[in-house]
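Structure data follow from input.cif (mmCIF, N, CA, C and O atoms):
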data_protein
loop_
_atom_site.label_atom_id
_atom_site.label_comp_id
_atom_site.auth_asym_id
_atom_site.auth_seq_id
_atom_site.Cartn_x
_atom_site.Cartn_y
_atom_site.Cartn_z
N MET A 11 12.85 -19.41 -23.96
CA MET A 11 11.85 -18.61 -23.28
C MET A 11 11.11 -19.48 -22.26
O MET A 11 10.88 -20.65 -22.49
N SER A 12 10.75 -18.89 -21.13
CA SER A 12 9.98 -19.61 -20.12
C SER A 12 8.96 -18.66 -19.48
O SER A 12 9.10 -17.44 -19.57
N VAL A 13 7.94 -19.23 -18.86
CA VAL A 13 6.88 -18.45 -18.23
C VAL A 13 6.60 -19.03 -16.86
O VAL A 13 6.49 -20.24 -16.69
N ASN A 14 6.50 -18.16 -15.88
CA ASN A 14 6.12 -18.54 -14.52
C ASN A 14 4.97 -17.63 -14.13
O ASN A 14 5.20 -16.53 -13.62
N LYS A 15 3.73 -18.04 -14.37
CA LYS A 15 2.55 -17.21 -14.14
C LYS A 15 1.46 -18.04 -13.49
O LYS A 15 1.15 -19.14 -13.95
N VAL A 16 0.88 -17.51 -12.43
CA VAL A 16 -0.21 -18.17 -11.71
C VAL A 16 -1.37 -17.20 -11.62
O VAL A 16 -1.18 -16.02 -11.33
N ILE A 17 -2.58 -17.69 -11.87
CA ILE A 17 -3.81 -16.92 -11.69
C ILE A 17 -4.74 -17.74 -10.81
O ILE A 17 -5.01 -18.90 -11.12
N LEU A 18 -5.19 -17.14 -9.71
CA LEU A 18 -6.09 -17.83 -8.79
C LEU A 18 -7.27 -16.93 -8.45
O LEU A 18 -7.14 -15.71 -8.38
N LEU A 19 -8.41 -17.57 -8.20
CA LEU A 19 -9.60 -16.89 -7.72
C LEU A 19 -10.15 -17.77 -6.60
O LEU A 19 -10.48 -18.93 -6.82
N GLY A 20 -10.18 -17.23 -5.38
CA GLY A 20 -10.63 -18.03 -4.25
C GLY A 20 -10.93 -17.18 -3.04
O GLY A 20 -11.01 -15.95 -3.13
N ASN A 21 -11.10 -17.86 -1.90
CA ASN A 21 -11.44 -17.20 -0.65
C ASN A 21 -10.28 -17.29 0.34
O ASN A 21 -9.65 -18.34 0.48
N VAL A 22 -10.05 -16.18 1.03
CA VAL A 22 -8.98 -16.09 2.02
C VAL A 22 -9.35 -16.90 3.25
O VAL A 22 -10.47 -16.81 3.76
N GLY A 23 -8.40 -17.72 3.73
CA GLY A 23 -8.66 -18.61 4.86
C GLY A 23 -8.51 -17.98 6.22
O GLY A 23 -9.10 -18.44 7.20
N ALA A 24 -7.70 -16.93 6.35
CA ALA A 24 -7.47 -16.25 7.62
C ALA A 24 -6.92 -14.86 7.33
O ALA A 24 -6.38 -14.62 6.25
N ASP A 25 -7.04 -13.95 8.29
CA ASP A 25 -6.48 -12.62 8.11
C ASP A 25 -4.98 -12.72 7.82
O ASP A 25 -4.31 -13.62 8.34
N PRO A 26 -4.45 -11.82 7.01
CA PRO A 26 -3.02 -11.86 6.69
C PRO A 26 -2.15 -11.71 7.94
O PRO A 26 -2.49 -10.98 8.86
N GLU A 27 -1.02 -12.42 7.94
CA GLU A 27 0.00 -12.27 8.97
C GLU A 27 1.04 -11.31 8.42
O GLU A 27 1.52 -11.51 7.31
N MET A 28 1.40 -10.32 9.19
CA MET A 28 2.35 -9.31 8.74
C MET A 28 3.71 -9.53 9.38
O MET A 28 3.81 -9.90 10.55
N ARG A 29 4.76 -9.29 8.57
CA ARG A 29 6.14 -9.29 9.06
C ARG A 29 6.83 -8.07 8.48
O ARG A 29 6.45 -7.58 7.42
N TYR A 30 7.86 -7.64 9.18
CA TYR A 30 8.66 -6.49 8.75
C TYR A 30 10.14 -6.88 8.86
O TYR A 30 10.81 -6.51 9.81
N PRO A 31 10.65 -7.66 7.86
CA PRO A 31 12.00 -8.20 7.96
C PRO A 31 13.11 -7.14 7.91
O PRO A 31 14.19 -7.36 8.45
N GLU A 32 12.85 -6.02 7.28
CA GLU A 32 13.82 -4.93 7.18
C GLU A 32 13.11 -3.61 7.38
O GLU A 32 11.89 -3.52 7.19
N GLN A 33 13.87 -2.59 7.70
CA GLN A 33 13.31 -1.25 7.83
C GLN A 33 12.63 -0.85 6.53
O GLN A 33 13.23 -0.94 5.46
N GLY A 34 11.36 -0.48 6.60
CA GLY A 34 10.63 -0.02 5.43
C GLY A 34 10.09 -1.12 4.52
O GLY A 34 9.53 -0.82 3.48
N MET A 35 10.27 -2.39 4.91
CA MET A 35 9.76 -3.50 4.08
C MET A 35 8.66 -4.24 4.84
O MET A 35 8.82 -4.55 6.02
N SER A 36 7.55 -4.50 4.16
CA SER A 36 6.46 -5.26 4.77
C SER A 36 6.14 -6.48 3.93
O SER A 36 6.23 -6.45 2.70
N VAL A 37 5.77 -7.58 4.62
CA VAL A 37 5.42 -8.83 3.96
C VAL A 37 4.14 -9.35 4.59
O VAL A 37 4.05 -9.48 5.82
N ALA A 38 3.14 -9.65 3.77
CA ALA A 38 1.88 -10.23 4.23
C ALA A 38 1.79 -11.66 3.70
O ALA A 38 2.07 -11.90 2.52
N THR A 39 1.42 -12.60 4.56
CA THR A 39 1.22 -13.99 4.12
C THR A 39 -0.13 -14.48 4.62
O THR A 39 -0.58 -14.11 5.71
N PHE A 40 -0.78 -15.30 3.80
CA PHE A 40 -2.05 -15.91 4.17
C PHE A 40 -2.33 -17.04 3.19
O PHE A 40 -1.59 -17.23 2.23
N HIS A 41 -3.38 -17.80 3.45
CA HIS A 41 -3.75 -18.91 2.56
C HIS A 41 -5.03 -18.57 1.81
O HIS A 41 -5.95 -17.96 2.36
N LEU A 42 -5.06 -19.01 0.56
CA LEU A 42 -6.21 -18.81 -0.31
C LEU A 42 -6.74 -20.18 -0.72
O LEU A 42 -5.97 -21.05 -1.15
N ALA A 43 -8.05 -20.38 -0.57
CA ALA A 43 -8.68 -21.66 -0.92
C ALA A 43 -9.31 -21.56 -2.31
O ALA A 43 -10.03 -20.61 -2.61
N THR A 44 -9.03 -22.56 -3.14
CA THR A 44 -9.74 -22.70 -4.42
C THR A 44 -10.48 -24.03 -4.38
O THR A 44 -10.00 -24.99 -3.78
N ASN A 45 -11.64 -24.08 -5.00
CA ASN A 45 -12.48 -25.28 -4.97
C ASN A 45 -12.69 -25.82 -6.38
O ASN A 45 -12.80 -25.07 -7.34
N GLU A 46 -12.78 -27.15 -6.45
CA GLU A 46 -12.99 -27.83 -7.72
C GLU A 46 -13.99 -28.95 -7.49
O GLU A 46 -13.89 -29.69 -6.52
N ARG A 47 -14.97 -29.05 -8.37
CA ARG A 47 -15.96 -30.13 -8.29
C ARG A 47 -15.51 -31.32 -9.11
O ARG A 47 -15.11 -31.18 -10.26
N ARG A 48 -15.58 -32.48 -8.50
CA ARG A 48 -15.33 -33.75 -9.20
C ARG A 48 -16.51 -34.66 -8.89
O ARG A 48 -16.54 -35.32 -7.86
N GLY A 49 -17.48 -34.65 -9.80
CA GLY A 49 -18.70 -35.40 -9.56
C GLY A 49 -19.44 -34.81 -8.38
O GLY A 49 -19.75 -33.63 -8.36
N GLU A 50 -19.70 -35.63 -7.37
CA GLU A 50 -20.40 -35.17 -6.16
C GLU A 50 -19.45 -34.55 -5.15
O GLU A 50 -19.88 -33.90 -4.21
N MET A 51 -18.14 -34.75 -5.33
CA MET A 51 -17.16 -34.26 -4.37
C MET A 51 -16.69 -32.85 -4.72
O MET A 51 -16.58 -32.50 -5.89
N GLU A 52 -16.41 -32.07 -3.69
CA GLU A 52 -15.78 -30.78 -3.87
C GLU A 52 -14.40 -30.85 -3.22
O GLU A 52 -14.29 -31.20 -2.04
N ILE A 53 -13.36 -30.55 -3.97
CA ILE A 53 -11.99 -30.63 -3.47
C ILE A 53 -11.47 -29.21 -3.28
O ILE A 53 -11.54 -28.39 -4.19
N THR A 54 -10.95 -28.94 -2.08
CA THR A 54 -10.38 -27.64 -1.77
C THR A 54 -8.86 -27.74 -1.77
O THR A 54 -8.29 -28.64 -1.15
N GLU A 55 -8.25 -26.81 -2.48
CA GLU A 55 -6.79 -26.71 -2.53
C GLU A 55 -6.40 -25.41 -1.83
O GLU A 55 -6.99 -24.37 -2.09
N TRP A 56 -5.42 -25.48 -0.92
CA TRP A 56 -4.95 -24.29 -0.20
C TRP A 56 -3.63 -23.83 -0.77
O TRP A 56 -2.72 -24.63 -0.97
N HIS A 57 -3.52 -22.53 -1.03
CA HIS A 57 -2.33 -21.93 -1.62
C HIS A 57 -1.76 -20.90 -0.66
O HIS A 57 -2.51 -20.06 -0.13
N ARG A 58 -0.45 -20.94 -0.44
CA ARG A 58 0.21 -19.96 0.41
C ARG A 58 0.51 -18.72 -0.43
O ARG A 58 1.22 -18.79 -1.43
N ILE A 59 -0.03 -17.58 -0.02
CA ILE A 59 0.08 -16.32 -0.75
C ILE A 59 1.05 -15.39 -0.02
O ILE A 59 0.99 -15.26 1.20
N VAL A 60 1.94 -14.75 -0.78
CA VAL A 60 2.90 -13.81 -0.22
C VAL A 60 2.78 -12.49 -0.99
O VAL A 60 2.86 -12.47 -2.22
N MET A 61 2.58 -11.40 -0.24
CA MET A 61 2.54 -10.06 -0.82
C MET A 61 3.61 -9.22 -0.14
O MET A 61 3.81 -9.34 1.07
N THR A 62 4.27 -8.36 -0.92
CA THR A 62 5.31 -7.51 -0.35
C THR A 62 5.05 -6.05 -0.69
O THR A 62 4.25 -5.74 -1.58
N GLY A 63 5.73 -5.16 0.03
CA GLY A 63 5.66 -3.73 -0.25
C GLY A 63 4.27 -3.16 -0.15
O GLY A 63 3.52 -3.43 0.80
N LYS A 64 3.89 -2.37 -1.15
CA LYS A 64 2.59 -1.69 -1.18
C LYS A 64 1.43 -2.70 -1.15
O LYS A 64 0.43 -2.47 -0.48
N ASN A 65 1.58 -3.82 -1.87
CA ASN A 65 0.54 -4.85 -1.86
C ASN A 65 0.31 -5.38 -0.44
O ASN A 65 -0.82 -5.61 -0.03
N ALA A 66 1.39 -5.57 0.33
CA ALA A 66 1.27 -6.06 1.70
C ALA A 66 0.54 -5.05 2.58
O ALA A 66 -0.29 -5.41 3.42
N GLU A 67 0.83 -3.78 2.39
CA GLU A 67 0.16 -2.73 3.17
C GLU A 67 -1.34 -2.70 2.89
O GLU A 67 -2.15 -2.54 3.79
N ILE A 68 -1.71 -2.85 1.62
CA ILE A 68 -3.13 -2.90 1.25
C ILE A 68 -3.78 -4.15 1.83
O ILE A 68 -4.89 -4.10 2.35
N ALA A 69 -3.08 -5.28 1.76
CA ALA A 69 -3.60 -6.53 2.31
C ALA A 69 -3.88 -6.38 3.81
O ALA A 69 -4.92 -6.83 4.30
N GLU A 70 -2.96 -5.76 4.52
CA GLU A 70 -3.13 -5.57 5.97
C GLU A 70 -4.40 -4.78 6.28
O GLU A 70 -5.12 -5.09 7.21
N LYS A 71 -4.70 -3.78 5.46
CA LYS A 71 -5.86 -2.93 5.71
C LYS A 71 -7.19 -3.56 5.29
O LYS A 71 -8.20 -3.39 5.96
N TYR A 72 -7.20 -4.28 4.15
CA TYR A 72 -8.47 -4.65 3.54
C TYR A 72 -8.77 -6.14 3.43
O TYR A 72 -9.93 -6.51 3.29
N ILE A 73 -7.77 -6.99 3.43
CA ILE A 73 -8.04 -8.42 3.24
C ILE A 73 -8.32 -9.07 4.59
O ILE A 73 -7.54 -8.92 5.54
N ARG A 74 -9.42 -9.81 4.65
CA ARG A 74 -9.83 -10.51 5.87
C ARG A 74 -10.28 -11.92 5.51
O ARG A 74 -10.57 -12.22 4.34
N LYS A 75 -10.38 -12.74 6.52
CA LYS A 75 -10.88 -14.10 6.33
C LYS A 75 -12.22 -14.05 5.60
O LYS A 75 -13.09 -13.25 5.95
N GLY A 76 -12.36 -14.87 4.55
CA GLY A 76 -13.60 -14.93 3.79
C GLY A 76 -13.62 -14.04 2.57
O GLY A 76 -14.50 -14.18 1.72
N THR A 77 -12.66 -13.10 2.44
CA THR A 77 -12.62 -12.22 1.28
C THR A 77 -12.40 -13.03 0.01
O THR A 77 -11.53 -13.90 -0.02
N MET A 78 -13.21 -12.76 -1.02
CA MET A 78 -12.95 -13.38 -2.32
C MET A 78 -11.88 -12.53 -3.00
O MET A 78 -11.98 -11.30 -3.04
N LEU A 79 -10.87 -13.22 -3.53
CA LEU A 79 -9.70 -12.52 -4.04
C LEU A 79 -9.23 -13.12 -5.35
O LEU A 79 -9.20 -14.34 -5.51
N TYR A 80 -8.90 -12.25 -6.29
CA TYR A 80 -8.27 -12.63 -7.55
C TYR A 80 -6.80 -12.26 -7.43
O TYR A 80 -6.48 -11.12 -7.04
N VAL A 81 -5.90 -13.20 -7.71
CA VAL A 81 -4.46 -12.89 -7.65
C VAL A 81 -3.76 -13.36 -8.91
O VAL A 81 -4.12 -14.37 -9.51
N GLU A 82 -2.75 -12.59 -9.30
CA GLU A 82 -1.83 -12.96 -10.36
C GLU A 82 -0.43 -12.89 -9.76
O GLU A 82 -0.13 -11.96 -9.01
N GLY A 83 0.39 -13.87 -10.09
CA GLY A 83 1.74 -13.85 -9.56
C GLY A 83 2.57 -14.96 -10.16
O GLY A 83 2.28 -15.46 -11.24
N LYS A 84 3.59 -15.35 -9.41
CA LYS A 84 4.48 -16.41 -9.87
C LYS A 84 4.75 -17.39 -8.74
O LYS A 84 4.68 -17.05 -7.56
N LEU A 85 5.06 -18.64 -9.12
CA LEU A 85 5.42 -19.66 -8.16
C LEU A 85 6.84 -19.44 -7.67
O LEU A 85 7.73 -19.10 -8.45
N ARG A 86 7.03 -19.64 -6.38
CA ARG A 86 8.36 -19.57 -5.78
C ARG A 86 8.45 -20.69 -4.76
O ARG A 86 7.57 -20.83 -3.91
N THR A 87 9.50 -21.49 -4.84
CA THR A 87 9.73 -22.55 -3.87
C THR A 87 10.96 -22.21 -3.06
O THR A 87 12.02 -21.92 -3.62
N ARG A 88 10.80 -22.23 -1.73
CA ARG A 88 11.92 -21.96 -0.82
C ARG A 88 12.27 -23.25 -0.09
O ARG A 88 11.39 -24.04 0.24
N THR A 89 13.55 -23.44 0.18
CA THR A 89 14.04 -24.61 0.91
C THR A 89 14.94 -24.14 2.04
O THR A 89 15.70 -23.19 1.88
N TRP A 90 14.83 -24.80 3.21
CA TRP A 90 15.66 -24.47 4.37
C TRP A 90 15.79 -25.69 5.26
O TRP A 90 15.11 -26.69 5.05
N GLU A 91 16.66 -25.60 6.24
CA GLU A 91 16.78 -26.66 7.25
C GLU A 91 16.24 -26.13 8.56
O GLU A 91 16.57 -25.02 8.97
N ASP A 92 15.40 -26.93 9.22
CA ASP A 92 14.83 -26.50 10.49
C ASP A 92 15.82 -26.72 11.64
O ASP A 92 16.97 -27.10 11.41
N LYS A 93 15.38 -26.49 12.86
CA LYS A 93 16.25 -26.60 14.05
C LYS A 93 16.80 -28.01 14.24
O LYS A 93 17.85 -28.20 14.85
N LEU A 94 16.10 -29.02 13.71
CA LEU A 94 16.54 -30.41 13.84
C LEU A 94 17.31 -30.87 12.60
O LEU A 94 17.51 -32.07 12.40
N ASN A 95 17.71 -29.90 11.76
CA ASN A 95 18.45 -30.18 10.52
C ASN A 95 17.66 -31.02 9.52
O ASN A 95 18.25 -31.77 8.75
N ILE A 96 16.34 -30.89 9.56
CA ILE A 96 15.48 -31.55 8.58
C ILE A 96 15.22 -30.57 7.45
O ILE A 96 14.86 -29.41 7.69
N LYS A 97 15.44 -31.02 6.22
CA LYS A 97 15.23 -30.16 5.07
C LYS A 97 13.73 -29.96 4.83
O LYS A 97 12.97 -30.93 4.75
N ARG A 98 13.32 -28.72 4.75
CA ARG A 98 11.93 -28.35 4.52
C ARG A 98 11.82 -27.51 3.26
O ARG A 98 12.78 -26.86 2.86
N SER A 99 10.63 -27.52 2.66
CA SER A 99 10.40 -26.64 1.51
C SER A 99 8.93 -26.22 1.49
O SER A 99 8.07 -26.90 2.05
N VAL A 100 8.68 -25.10 0.86
CA VAL A 100 7.33 -24.58 0.72
C VAL A 100 7.22 -23.90 -0.65
O VAL A 100 8.17 -23.26 -1.10
N THR A 101 6.09 -24.11 -1.30
CA THR A 101 5.81 -23.44 -2.56
C THR A 101 4.79 -22.34 -2.30
O THR A 101 3.76 -22.58 -1.67
N GLU A 102 5.10 -21.14 -2.76
CA GLU A 102 4.28 -19.98 -2.50
C GLU A 102 3.91 -19.29 -3.81
O GLU A 102 4.57 -19.47 -4.82
N ILE A 103 2.87 -18.47 -3.73
CA ILE A 103 2.50 -17.60 -4.84
C ILE A 103 2.96 -16.20 -4.45
O ILE A 103 2.46 -15.63 -3.49
N LEU A 104 3.94 -15.66 -5.18
CA LEU A 104 4.41 -14.31 -4.96
C LEU A 104 3.57 -13.38 -5.84
O LEU A 104 3.65 -13.43 -7.08
N VAL A 105 2.74 -12.57 -5.22
CA VAL A 105 1.71 -11.79 -5.92
C VAL A 105 2.29 -10.55 -6.59
O VAL A 105 3.02 -9.77 -5.98
N ASP A 106 1.94 -10.39 -7.87
CA ASP A 106 2.27 -9.18 -8.63
C ASP A 106 1.08 -8.22 -8.65
O ASP A 106 1.23 -7.02 -8.55
N ARG A 107 -0.13 -8.80 -8.78
CA ARG A 107 -1.36 -8.02 -8.95
C ARG A 107 -2.50 -8.76 -8.28
O ARG A 107 -2.54 -9.99 -8.31
N PHE A 108 -3.43 -8.02 -7.68
CA PHE A 108 -4.60 -8.66 -7.07
C PHE A 108 -5.78 -7.72 -7.11
O PHE A 108 -5.64 -6.52 -7.31
N GLU A 109 -6.96 -8.32 -6.90
CA GLU A 109 -8.20 -7.55 -6.88
C GLU A 109 -9.14 -8.12 -5.83
O GLU A 109 -9.39 -9.33 -5.82
N LEU A 110 -9.64 -7.27 -4.97
CA LEU A 110 -10.63 -7.66 -3.96
C LEU A 110 -11.97 -7.77 -4.65
O LEU A 110 -12.40 -6.85 -5.35
N LEU A 111 -12.66 -8.90 -4.43
CA LEU A 111 -13.95 -9.13 -5.10
C LEU A 111 -15.12 -9.22 -4.14
O LEU A 111 -16.24 -9.50 -4.56
N GLY A 112 -14.90 -9.04 -2.85
CA GLY A 112 -16.00 -9.07 -1.90
C GLY A 112 -15.84 -10.19 -0.90
O GLY A 112 -14.81 -10.83 -0.80
N ARG A 113 -16.90 -10.42 -0.13
CA ARG A 113 -16.90 -11.42 0.92
C ARG A 113 -17.60 -12.68 0.45
O ARG A 113 -18.49 -12.62 -0.39
N LYS A 114 -17.23 -13.82 1.06
CA LYS A 114 -17.88 -15.09 0.76
C LYS A 114 -19.34 -15.01 1.22
O LYS A 114 -19.63 -14.56 2.32
N SER A 115 -20.25 -15.47 0.38
CA SER A 115 -21.68 -15.40 0.73
C SER A 115 -22.06 -16.58 1.60
O SER A 115 -21.44 -17.60 1.60
#
The structure in this file should be written as structure tokens.
Amino acid sequence: MSVNKVILLGNVGADPEMRYPEQGMSVATFHLATNERRGEMEITEWHRIVMTGKNAEIAEKYIRKGTMLYVEGKLRTRTWEDKLNIKRSVTEILVDRFELLGRKS
């Protein structure tokens, strides 16, 4: 048995970017910031968020920079070669469920 589950609560860094890779399919991507205190320092971690289908459509309408957001999903790592044949990879959070919690104060 294995588990791939991520839960994050943070603030959206920029309005979602929308793509439509296929007829009838929508994909929203954006970054979510989470903060952690270590003594006097505050460390911000940025997470790449991916929403598809109905979630992407809702994100396009309601999620904006500064929105506080709760997300549940799973980690996904993609690998590809760029135009210069350099191997690249990115780890993303593929969202299953989310909740809008308001704007950053």
query = What separation in Å, quoted to one decimal, exists between atom O of Ser99 in chain A and atom C of Gly20 in chain A?
reply = 21.9 Å
message = Using all atoms listed in the file for the distances, tell me which of A:Ser36, A:Leu18, A:Ser12, A:Asp92 is nearest to Met61 in chain A.
response = A:Ser36
Any idea what's packed within 12 Å of Gly34 in chain A, counting only C-alpha atoms, ignoring anything in its chain fewer than 6 positions away? Could you give it as a PDB file with N, CA, C and O atoms, in the frame of the given file?
ATOM      1  N   THR A  62       4.270  -8.360  -0.920  1.00  0.00           N
ATOM      2  CA  THR A  62       5.310  -7.510  -0.350  1.00  0.00           C
ATOM      3  C   THR A  62       5.050  -6.050  -0.690  1.00  0.00           C
ATOM      4  O   THR A  62       4.250  -5.740  -1.580  1.00  0.00           O
ATOM      5  N   GLY A  63       5.730  -5.160   0.030  1.00  0.00           N
ATOM      6  CA  GLY A  63       5.660  -3.730  -0.250  1.00  0.00           C
ATOM      7  C   GLY A  63       4.270  -3.160  -0.150  1.00  0.00           C
ATOM      8  O   GLY A  63       3.520  -3.430   0.800  1.00  0.00           O
ATOM      9  N   LYS A  64       3.890  -2.370  -1.150  1.00  0.00           N
ATOM     10  CA  LYS A  64       2.590  -1.690  -1.180  1.00  0.00           C
ATOM     11  C   LYS A  64       1.430  -2.700  -1.150  1.00  0.00           C
ATOM     12  O   LYS A  64       0.430  -2.470  -0.480  1.00  0.00           O
ATOM     13  N   ALA A  66       1.390  -5.570   0.330  1.00  0.00           N
ATOM     14  CA  ALA A  66       1.270  -6.060   1.700  1.00  0.00           C
ATOM     15  C   ALA A  66       0.540  -5.050   2.580  1.00  0.00           C
ATOM     16  O   ALA A  66      -0.290  -5.410   3.420  1.00  0.00           O
ATOM     17  N   GLU A  67       0.830  -3.780   2.390  1.00  0.00           N
ATOM     18  CA  GLU A  67       0.160  -2.730   3.170  1.00  0.00           C
ATOM     19  C   GLU A  67      -1.340  -2.700   2.890  1.00  0.00           C
ATOM     20  O   GLU A  67      -2.150  -2.540   3.790  1.00  0.00           O
TER      21      GLU A  67
END
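Across the structure, CA of Met51 in chain A and CA of Asn21 in chain A are spaced 18.4 Å apart.
Each of A:Met78, A:Lys93, A:Arg88, A:Ile103 was checked against Thr39 in chain A using only C-alpha atoms; the smallest atom-to-atom distance is that of A:Ile103.
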remark   = In Å and to one decimal, atom C of Phe40 in chain A is distant from atom C of His57 in chain A by 5.5 Å
Within 7 Å of Thr87 in chain A, counting only N, CA, C and O atoms, which residues qualify if same-chain residues fewer than 4 places away don't, as a PDB file with N, CA, C and O atoms, in the coordinates of the input?
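And here's selection_29.pdb as it stands now:
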ATOM      1  N   SER A  99      10.630 -27.520   2.660  1.00  0.00           N
ATOM      2  CA  SER A  99      10.400 -26.640   1.510  1.00  0.00           C
ATOM      3  C   SER A  99       8.930 -26.220   1.490  1.00  0.00           C
ATOM      4  O   SER A  99       8.070 -26.900   2.050  1.00  0.00           O
ATOM      5  N   VAL A 100       8.680 -25.100   0.860  1.00  0.00           N
ATOM      6  CA  VAL A 100       7.330 -24.580   0.720  1.00  0.00           C
ATOM      7  C   VAL A 100       7.220 -23.900  -0.650  1.00  0.00           C
ATOM      8  O   VAL A 100       8.170 -23.260  -1.100  1.00  0.00           O
ATOM      9  N   THR A 101       6.090 -24.110  -1.300  1.00  0.00           N
ATOM     10  CA  THR A 101       5.810 -23.440  -2.560  1.00  0.00           C
ATOM     11  C   THR A 101       4.790 -22.340  -2.300  1.00  0.00           C
ATOM     12  O   THR A 101       3.760 -22.580  -1.670  1.00  0.00           O
ATOM     13  N   GLU A 102       5.100 -21.140  -2.760  1.00  0.00           N
ATOM     14  CA  GLU A 102       4.280 -19.980  -2.500  1.00  0.00           C
ATOM     15  C   GLU A 102       3.910 -19.290  -3.810  1.00  0.00           C
ATOM     16  O   GLU A 102       4.570 -19.470  -4.820  1.00  0.00           O
TER      17      GLU A 102
END
inquiry  = I want to know what sits within 8 Å of Glu109 in chain A, based on only C-alpha atoms, with residues of the same chain fewer than 3 positions away left out; could you give that as a count of residues only?
reply    = 3
query = Got a sec to tell me which of range 12-102 of chain A DSSP assigns to strand (DSSP E or B), as number ranges by chain?
reply = A: 16-22, 27-29, 37-48, 51-62, 77-91, 97-102
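For the file at hand, the PyMOL selection byres ((chain A and resi 84) around 7) resolves to Asn14, Lys15, Val16, Glu82, Gly83, Leu85, Arg86, Glu102, Ile103, Leu104, Val105 and Asp106 of chain A.
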Write the residues you've just listed into a file as a CSV table (one decimal), in the coordinates of the input, and include N, CA, C and O atoms for each of them.
chain,number,residue,atom,x,y,z
A,14,ASN,N,6.5,-18.2,-15.9
A,14,ASN,CA,6.1,-18.5,-14.5
A,14,ASN,C,5.0,-17.6,-14.1
A,14,ASN,O,5.2,-16.5,-13.6
A,15,LYS,N,3.7,-18.0,-14.4
A,15,LYS,CA,2.6,-17.2,-14.1
A,15,LYS,C,1.5,-18.0,-13.5
A,15,LYS,O,1.2,-19.1,-14.0
A,16,VAL,N,0.9,-17.5,-12.4
A,16,VAL,CA,-0.2,-18.2,-11.7
A,16,VAL,C,-1.4,-17.2,-11.6
A,16,VAL,O,-1.2,-16.0,-11.3
A,82,GLU,N,-2.8,-12.6,-9.3
A,82,GLU,CA,-1.8,-13.0,-10.4
A,82,GLU,C,-0.4,-12.9,-9.8
A,82,GLU,O,-0.1,-12.0,-9.0
A,83,GLY,N,0.4,-13.9,-10.1
A,83,GLY,CA,1.7,-13.8,-9.6
A,83,GLY,C,2.6,-15.0,-10.2
A,83,GLY,O,2.3,-15.5,-11.2
A,85,LEU,N,5.1,-18.6,-9.1
A,85,LEU,CA,5.4,-19.7,-8.2
A,85,LEU,C,6.8,-19.4,-7.7
A,85,LEU,O,7.7,-19.1,-8.4
A,86,ARG,N,7.0,-19.6,-6.4
A,86,ARG,CA,8.4,-19.6,-5.8
A,86,ARG,C,8.4,-20.7,-4.8
A,86,ARG,O,7.6,-20.8,-3.9
A,102,GLU,N,5.1,-21.1,-2.8
A,102,GLU,CA,4.3,-20.0,-2.5
A,102,GLU,C,3.9,-19.3,-3.8
A,102,GLU,O,4.6,-19.5,-4.8
A,103,ILE,N,2.9,-18.5,-3.7
A,103,ILE,CA,2.5,-17.6,-4.8
A,103,ILE,C,3.0,-16.2,-4.4
A,103,ILE,O,2.5,-15.6,-3.5
A,104,LEU,N,3.9,-15.7,-5.2
A,104,LEU,CA,4.4,-14.3,-5.0
A,104,LEU,C,3.6,-13.4,-5.8
A,104,LEU,O,3.6,-13.4,-7.1
A,105,VAL,N,2.7,-12.6,-5.2
A,105,VAL,CA,1.7,-11.8,-5.9
A,105,VAL,C,2.3,-10.6,-6.6
A,105,VAL,O,3.0,-9.8,-6.0
A,106,ASP,N,1.9,-10.4,-7.9
A,106,ASP,CA,2.3,-9.2,-8.6
A,106,ASP,C,1.1,-8.2,-8.6
A,106,ASP,O,1.2,-7.0,-8.6
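Of the listed residues (A:Glu27, A:Glu91, A:Glu55, A:Glu32), A:Glu27 comes nearest to Glu70 in chain A; the distances count only N, CA, C and O atoms.
Near Lys75 in chain A, within a cut-off of 8 Å and counting only N, CA, C and O atoms, sit the residues Asn21, Val22, Gly23, Ala24, Asp25, Pro26, His41, Gly112, Arg113 and Lys114 of chain A, with same-chain residues fewer than 4 positions away left out.
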